[in-house]
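J.: Sharing data30.cif here; it has mmCIF, C-alpha atoms.
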```
data_protein
#
loop_
_atom_site.label_atom_id
_atom_site.label_comp_id
_atom_site.auth_asym_id
_atom_site.auth_seq_id
_atom_site.Cartn_x
_atom_site.Cartn_y
_atom_site.Cartn_z
CA MET A 1 -59.29 93.16 -119.66
CA LYS A 2 -60.70 90.22 -117.86
CA LYS A 3 -64.29 90.47 -116.93
CA LEU A 4 -64.66 90.41 -113.22
CA SER A 5 -66.94 87.61 -112.16
CA ALA A 6 -69.78 88.50 -109.83
CA ARG A 7 -69.17 87.55 -106.20
CA ARG A 8 -71.45 84.84 -104.99
CA ARG A 9 -73.31 85.31 -101.67
CA HIS A 10 -72.79 82.87 -98.86
CA PRO A 11 -75.74 80.47 -98.50
CA LEU A 12 -76.35 81.62 -94.90
CA ALA A 13 -76.49 85.29 -95.80
CA ALA A 14 -80.25 85.24 -96.35
CA VAL A 15 -80.79 83.61 -92.98
CA VAL A 16 -78.66 86.24 -91.25
CA VAL A 17 -80.60 89.07 -92.94
CA LEU A 18 -83.91 87.49 -91.86
CA LEU A 19 -82.76 87.17 -88.25
CA LEU A 20 -81.61 90.79 -88.20
CA ALA A 21 -84.95 91.92 -89.56
CA LEU A 22 -86.82 89.94 -86.90
CA ALA A 23 -84.58 91.35 -84.18
CA ALA A 24 -85.23 94.88 -85.39
CA THR A 25 -88.96 94.26 -85.45
CA GLY A 26 -88.85 92.83 -81.93
CA GLY A 27 -86.91 95.79 -80.66
CA LEU A 28 -89.40 98.13 -82.23
CA TYR A 29 -92.29 96.22 -80.61
CA ALA A 30 -90.55 96.27 -77.24
CA THR A 31 -90.19 100.03 -77.59
CA LEU A 32 -93.75 100.70 -78.66
CA ALA A 33 -95.65 98.02 -76.69
CA PRO A 34 -95.38 99.63 -73.24
CA ALA A 35 -96.56 102.95 -74.61
CA SER A 36 -99.46 101.27 -76.40
CA GLN A 37 -100.41 99.34 -73.26
CA ALA A 38 -100.25 102.47 -71.13
CA LYS A 39 -102.44 104.31 -73.62
CA ALA A 40 -104.96 101.45 -73.57
CA ASP A 41 -104.99 101.48 -69.75
CA ASP A 42 -105.55 105.24 -69.70
CA THR A 43 -108.41 104.89 -72.16
CA ALA A 44 -110.05 102.13 -70.08
CA GLN A 45 -109.66 104.22 -66.91
CA SER A 46 -111.19 107.25 -68.61
CA LEU A 47 -114.16 105.17 -69.76
CA ALA A 48 -114.61 103.79 -66.23
CA ILE A 49 -114.57 107.33 -64.80
CA ASP A 50 -117.12 108.53 -67.37
CA GLU A 51 -119.46 105.61 -66.65
CA GLY A 52 -118.97 106.10 -62.92
CA LYS A 53 -119.88 109.76 -63.20
CA LYS A 54 -123.16 108.80 -64.91
CA LEU A 55 -123.99 106.33 -62.14
CA TYR A 56 -123.06 108.91 -59.52
CA SER A 57 -125.31 111.56 -61.06
CA VAL A 58 -128.29 109.22 -60.84
CA GLY A 59 -127.74 107.51 -57.48
CA CYS A 60 -125.49 109.73 -55.34
CA ALA A 61 -125.52 113.38 -56.40
CA THR A 62 -128.78 114.17 -54.58
CA CYS A 63 -127.08 113.82 -51.19
CA HIS A 64 -123.38 114.25 -51.94
CA GLY A 65 -123.56 117.09 -54.46
CA THR A 66 -123.07 117.12 -58.21
CA GLY A 67 -119.29 117.17 -57.86
CA GLY A 68 -118.93 115.13 -54.69
CA GLN A 69 -118.47 118.26 -52.61
CA GLY A 70 -121.13 117.20 -50.11
CA SER A 71 -124.30 118.86 -48.87
CA SER A 72 -126.47 119.09 -45.77
CA ASP A 73 -127.69 115.55 -46.56
CA GLY A 74 -124.34 113.86 -47.15
CA PRO A 75 -120.60 114.38 -46.53
CA SER A 76 -118.02 115.34 -49.11
CA LEU A 77 -116.54 112.44 -51.07
CA VAL A 78 -113.45 114.29 -52.21
CA GLY A 79 -110.42 112.32 -51.01
CA VAL A 80 -112.30 109.35 -49.52
CA GLY A 81 -110.77 107.05 -52.13
CA ALA A 82 -111.96 104.02 -54.05
CA ALA A 83 -111.86 101.77 -50.97
CA ALA A 84 -114.58 103.79 -49.21
CA VAL A 85 -116.86 103.48 -52.25
CA ASP A 86 -116.23 99.76 -52.59
CA PHE A 87 -117.08 99.25 -48.91
CA GLN A 88 -120.14 101.47 -48.67
CA VAL A 89 -121.74 100.43 -51.96
CA GLY A 90 -120.45 96.85 -51.85
CA THR A 91 -122.15 96.22 -48.49
CA GLY A 92 -125.39 97.89 -49.55
CA ARG A 93 -125.06 100.78 -47.11
CA MET A 94 -125.08 103.19 -50.01
CA PRO A 95 -127.24 104.49 -51.53
CA ALA A 96 -128.93 104.94 -48.15
CA GLN A 97 -132.65 104.32 -47.85
CA GLN A 98 -133.10 107.06 -45.24
CA PRO A 99 -130.95 109.19 -42.93
CA GLY A 100 -130.39 108.02 -39.38
CA ALA A 101 -127.93 107.53 -36.56
CA GLN A 102 -126.57 104.45 -38.33
CA ILE A 103 -126.82 103.34 -41.96
CA PRO A 104 -127.31 99.55 -41.93
CA SER A 105 -126.07 97.11 -44.54
CA LYS A 106 -128.68 95.84 -46.98
CA LYS A 107 -129.02 94.15 -50.35
CA VAL A 108 -126.47 95.42 -52.89
CA ILE A 109 -128.14 97.07 -55.89
CA TYR A 110 -125.05 97.60 -58.08
CA THR A 111 -122.93 95.01 -59.84
CA GLN A 112 -119.23 94.82 -59.00
CA ALA A 113 -118.40 96.33 -62.40
CA GLN A 114 -120.63 99.32 -61.62
CA ILE A 115 -119.11 99.64 -58.14
CA ASP A 116 -115.65 99.71 -59.73
CA GLN A 117 -116.80 102.48 -62.07
CA LEU A 118 -118.23 104.52 -59.20
CA ALA A 119 -114.99 103.98 -57.27
CA ALA A 120 -112.94 105.13 -60.28
CA TYR A 121 -114.94 108.35 -60.52
CA ILE A 122 -114.71 109.15 -56.79
CA ALA A 123 -110.99 108.37 -56.83
CA SER A 124 -110.57 110.90 -59.65
CA LEU A 125 -111.91 113.65 -57.35
CA GLY A 126 -109.03 113.30 -54.89
CA ALA A 127 -106.43 110.83 -53.69
CA GLY A 128 -107.52 108.31 -51.06
CA PRO A 129 -107.19 104.64 -50.04
CA SER A 130 -107.37 102.25 -52.99
CA ILE A 131 -109.28 98.96 -53.15
CA PRO A 132 -107.06 96.27 -51.57
CA THR A 133 -105.91 93.23 -53.49
CA LYS A 134 -106.43 89.64 -52.38
CA ALA A 135 -102.75 89.44 -51.48
CA GLU A 136 -103.34 92.16 -48.87
CA TYR A 137 -106.33 90.62 -47.08
CA GLY A 138 -105.86 86.91 -47.93
CA PRO A 139 -104.92 84.31 -45.30
CA ASP A 140 -101.45 83.54 -46.66
CA GLY A 141 -98.78 84.50 -44.15
CA ALA A 142 -101.26 85.65 -41.49
CA ASP A 143 -100.66 85.20 -37.74
CA ILE A 144 -103.99 84.37 -36.07
CA ALA A 145 -102.68 84.74 -32.50
CA LYS A 146 -101.21 88.16 -33.26
CA GLY A 147 -104.45 89.14 -34.96
CA GLY A 148 -106.36 88.22 -31.80
CA GLU A 149 -104.12 90.45 -29.70
CA LEU A 150 -104.53 93.36 -32.10
CA PHE A 151 -108.30 92.92 -32.33
CA ARG A 152 -108.78 92.77 -28.56
CA THR A 153 -106.63 95.89 -28.17
CA ASN A 154 -108.12 98.03 -30.94
CA CYS A 155 -111.57 96.68 -31.83
CA ALA A 156 -113.13 94.60 -29.04
CA GLN A 157 -114.35 97.65 -27.09
CA CYS A 158 -117.05 98.14 -29.74
CA HIS A 159 -117.30 94.92 -31.74
CA ASN A 160 -116.98 92.45 -28.81
CA PHE A 161 -113.89 90.25 -28.50
CA THR A 162 -115.16 87.80 -31.14
CA GLY A 163 -116.65 90.41 -33.47
CA LYS A 164 -120.30 89.82 -32.57
CA GLY A 165 -120.99 93.55 -32.46
CA GLY A 166 -122.33 95.77 -29.71
CA ALA A 167 -124.41 98.82 -28.85
CA LEU A 168 -123.05 102.37 -28.82
CA THR A 169 -124.67 105.67 -27.83
CA HIS A 170 -127.59 107.57 -29.37
CA GLY A 171 -128.90 104.72 -31.49
CA LYS A 172 -125.51 103.83 -32.95
CA TYR A 173 -124.00 100.37 -32.88
CA ALA A 174 -120.94 98.41 -33.92
CA PRO A 175 -122.17 95.81 -36.42
CA SER A 176 -121.39 92.13 -36.23
CA LEU A 177 -118.39 91.09 -38.31
CA GLU A 178 -119.64 87.55 -38.79
CA GLY A 179 -120.04 86.77 -42.49
CA VAL A 180 -118.47 90.05 -43.64
CA ALA A 181 -116.14 89.65 -46.64
CA PRO A 182 -112.41 89.96 -45.76
CA LYS A 183 -112.03 92.69 -48.39
CA HIS A 184 -114.72 94.80 -46.75
CA ILE A 185 -113.19 94.33 -43.29
CA TYR A 186 -109.85 95.53 -44.67
CA GLU A 187 -111.53 98.54 -46.32
CA ALA A 188 -113.37 99.40 -43.10
CA MET A 189 -110.06 99.52 -41.23
CA GLN A 190 -108.60 101.68 -43.99
CA THR A 191 -111.42 104.20 -44.25
CA GLY A 192 -113.21 104.25 -40.86
CA PRO A 193 -116.85 104.21 -41.99
CA GLN A 194 -119.52 106.03 -39.97
CA ASN A 195 -118.68 105.77 -36.22
CA MET A 196 -115.54 103.68 -36.66
CA PRO A 197 -112.08 105.29 -36.48
CA SER A 198 -109.74 104.70 -39.39
CA PHE A 199 -106.59 102.59 -39.04
CA PRO A 200 -104.17 103.63 -41.80
CA ASP A 201 -100.96 101.71 -42.41
CA THR A 202 -99.16 104.06 -40.02
CA THR A 203 -101.40 102.75 -37.21
CA LEU A 204 -102.10 99.17 -38.31
CA THR A 205 -99.78 97.89 -41.00
CA GLU A 206 -100.93 95.80 -43.94
CA GLN A 207 -99.69 92.70 -42.10
CA ASN A 208 -101.59 93.74 -38.95
CA LYS A 209 -104.83 94.03 -40.93
CA LYS A 210 -104.21 90.64 -42.50
CA ASP A 211 -103.67 89.11 -39.04
CA ILE A 212 -106.90 90.63 -37.68
CA ILE A 213 -108.91 89.30 -40.63
CA ALA A 214 -107.42 85.84 -40.12
CA TYR A 215 -108.39 85.96 -36.42
CA LEU A 216 -111.98 86.92 -37.22
CA ASN A 217 -112.21 84.10 -39.73
CA ALA A 218 -110.89 81.69 -37.07
CA VAL A 219 -113.47 82.68 -34.45
CA ASN A 220 -116.42 83.23 -36.80
CA GLY A 221 -115.67 80.92 -39.72
CA GLY A 222 -117.77 78.02 -40.92
CA ASN A 223 -115.55 75.50 -39.13
CA THR A 224 -115.37 77.38 -35.82
CA GLU A 225 -116.27 75.29 -32.78
CA SER A 226 -117.40 76.46 -29.33
CA PRO A 227 -115.83 74.08 -26.80
CA GLY A 228 -117.97 75.51 -24.00
CA GLY A 229 -121.27 74.66 -25.64
CA LEU A 230 -123.71 77.50 -26.33
CA GLU A 231 -121.66 80.66 -26.83
CA LEU A 232 -124.57 82.95 -25.84
CA GLY A 233 -123.58 85.68 -28.27
CA GLY A 234 -119.90 85.44 -27.41
CA LEU A 235 -120.33 87.98 -24.61
CA GLY A 236 -118.46 85.91 -22.05
CA PRO A 237 -119.33 86.00 -18.32
CA VAL A 238 -121.87 88.81 -18.76
CA SER A 239 -124.34 86.76 -20.79
CA GLU A 240 -123.49 83.56 -18.93
CA GLY A 241 -124.08 85.23 -15.56
CA LEU A 242 -127.34 86.75 -16.78
CA PHE A 243 -128.46 83.34 -18.03
CA ALA A 244 -127.64 81.80 -14.64
CA TRP A 245 -129.52 84.48 -12.71
CA ILE A 246 -132.65 84.47 -14.86
CA PHE A 247 -133.03 80.76 -15.52
CA GLY A 248 -131.14 79.31 -12.57
CA LEU A 249 -132.71 81.57 -9.95
CA GLY A 250 -136.07 81.24 -11.67
CA ALA A 251 -135.82 77.46 -11.49
CA LEU A 252 -134.94 77.62 -7.76
CA ILE A 253 -137.95 79.86 -7.04
CA ALA A 254 -140.24 77.49 -8.95
CA VAL A 255 -138.92 74.52 -6.95
CA ALA A 256 -139.36 76.43 -3.68
CA VAL A 257 -142.97 77.31 -4.55
CA TRP A 258 -143.69 73.71 -5.49
CA VAL A 259 -142.20 72.39 -2.19
CA ALA A 260 -144.17 74.95 -0.17
CA ALA A 261 -147.38 74.01 -1.94
CA ARG A 262 -146.79 70.32 -1.35
CA THR A 263 -145.97 70.95 2.33
CA ALA A 264 -149.12 73.01 2.89
CA LYS A 265 -151.25 70.35 1.20
CA ALA A 266 -149.69 67.62 3.39
CA LYS A 267 -150.42 69.60 6.60
CA LYS A 268 -154.07 70.05 5.62
CA SER A 269 -154.54 66.36 5.00
#
```
Kindly return the structure encoded in the file as C-alpha cells.
T.:
Amino acid sequence: MKKLSARRRHPLAAVVVLLLALAATGGLYATLAPASQAKADDTAQSLAIDEGKKLYSVGCATCHGTGGQGSSDGPSLVGVGAAAVDFQVGTGRMPAQQPGAQIPSKKVIYTQAQIDQLAAYIASLGAGPSIPTKAEYGPDGADIAKGGELFRTNCAQCHNFTGKGGALTHGKYAPSLEGVAPKHIYEAMQTGPQNMPSFPDTTLTEQNKKDIIAYLNAVNGGNTESPGGLELGGLGPVSEGLFAWIFGLGALIAVAVWVAARTAKAKKS
C-alpha cells in the first residue's frame, strides 16, 4: 500500500485563522463592553449618592430632616429633583444663613463636584427635574425676539421687562437676573424656587426656555447698549417720570427762588 502523503496547508490558512480569532474576540468585547460600562456607571452613581448623603447629613438634615422628608424649619426635598439642588446650592441660597421671607443668593460654599453629589442623593429620594445640559440652555438655535415676547408675557410682572428685578409683598422680591448663569435661569424655570411659579416643559418648552435665556443675555449681556442713555434701572417711564419730577421740578423751583431773590434785591436798591 502506498503511504498517503500528508496534505499541506494553504499558506493563507494561518492568516484566516488569526482573523477569525480576532473577530471572535471583538464580538465578545462588543457583547461584554456595554454591560461593563453600565456596571461602572452604576458604581459611580452609587458612590456619588453615598458621598452626597454624607454632605446632606452635615449641611442640610437639620432643617430638611434626616431623610429629606422636611420639618418645621424646611420643606420636603422628596421629588424636587437634581435641578432644584443645583440651583439652590449653586447660587449660594442653600444652606440658608437664617430663615426669612426671602433667601438671598450668597457666596457658594460647595464645589461643583460636591453639588453634583448632593443632587445625586436628593434625586435618589424621588424623581424630579434633572440638571439641564448646555445644549438645552445654550444660545445655539435660540430666537431672541420670541424670547422677549415670552419673557414679557410670563416673567416681566415680577422681574421687570429687562430682568432687573422688583419688589413683591411681605418682604419678598423678584431678584435681578443680571449676571445669573444661563443654567441657573433654566433650572429656576424648571423648579420654581421660593415665590416663583414653575414652568415645566408642558408650559414652556425647552426651546421656549432657551429663547428666554437668549433674550435676557441680549438685554443684560456685557455688550448690551442703552440707546436712550441712562437706563435708570430699566423701569421705563416710571423711573424716567420720577426723575423728571424730582430733578426737573426741583431745578425749576430753584430758578424761581433765585429770580425772586434777585428781583427783591433790585427793588431795594
J.: Closest to Ile109 in chain A among A:Asn195, A:Gly59, A:Gly81, A:Ser124, using all atoms listed in the file?
T.: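 Closest candidate: A:Gly59.
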J.: Do you know which residues are at most 12 Å from Gln112 in chain A counting all atoms listed in the file, after dropping those on the same chain fewer than 5 positions away, and could you put them as a list in words?
T.: Gly52, Val85, Asp86, Phe87, Val89, Gly90, Thr91, Gly92, Gln117, Leu118 and Ala119 of chain A
J.: Quick one, how far is CA of Thr43 in chain A from CA of Gln69 in chain A?
T.: 25.7 Å
J.: Using only C-alpha atoms, which residues of range 37-121 of chain A come within 12 Å of range 196-207 of chain A, and what is the closest atom pair for each, with the distance in Å to one decimal? Give it as CSV, sorted by chain and residue number.
T.:
```
residue,atom,partner,partner_atom,distance
A:Val80,CA,A:Ser198,CA,11.4
A:Ala84,CA,A:Ser198,CA,11.0
A:Gln102,CA,A:Met196,CA,11.2
```
J.: Convert the output of the PyMOL selection byres ((chain A and resi 158-175) around 8) on the shown file into explicit residues, formatted as JSON, numbers by chain.
T.: {"A": [101, 102, 151, 152, 155, 156, 157, 176, 177, 178, 195, 216, 219, 220, 233, 234, 235]}
J.: Which residue gives the smallest distance to Glu51 in chain A among A:Asp116, A:Lys106, A:Val257, A:Gly68, with all atoms listed in the file counted?
T.: A:Asp116
J.: What does the distance between CA of Ile144 in chain A and CA of Tyr215 in chain A come to in Å, to one decimal place?
T.: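 So the answer is 4.7 Å.
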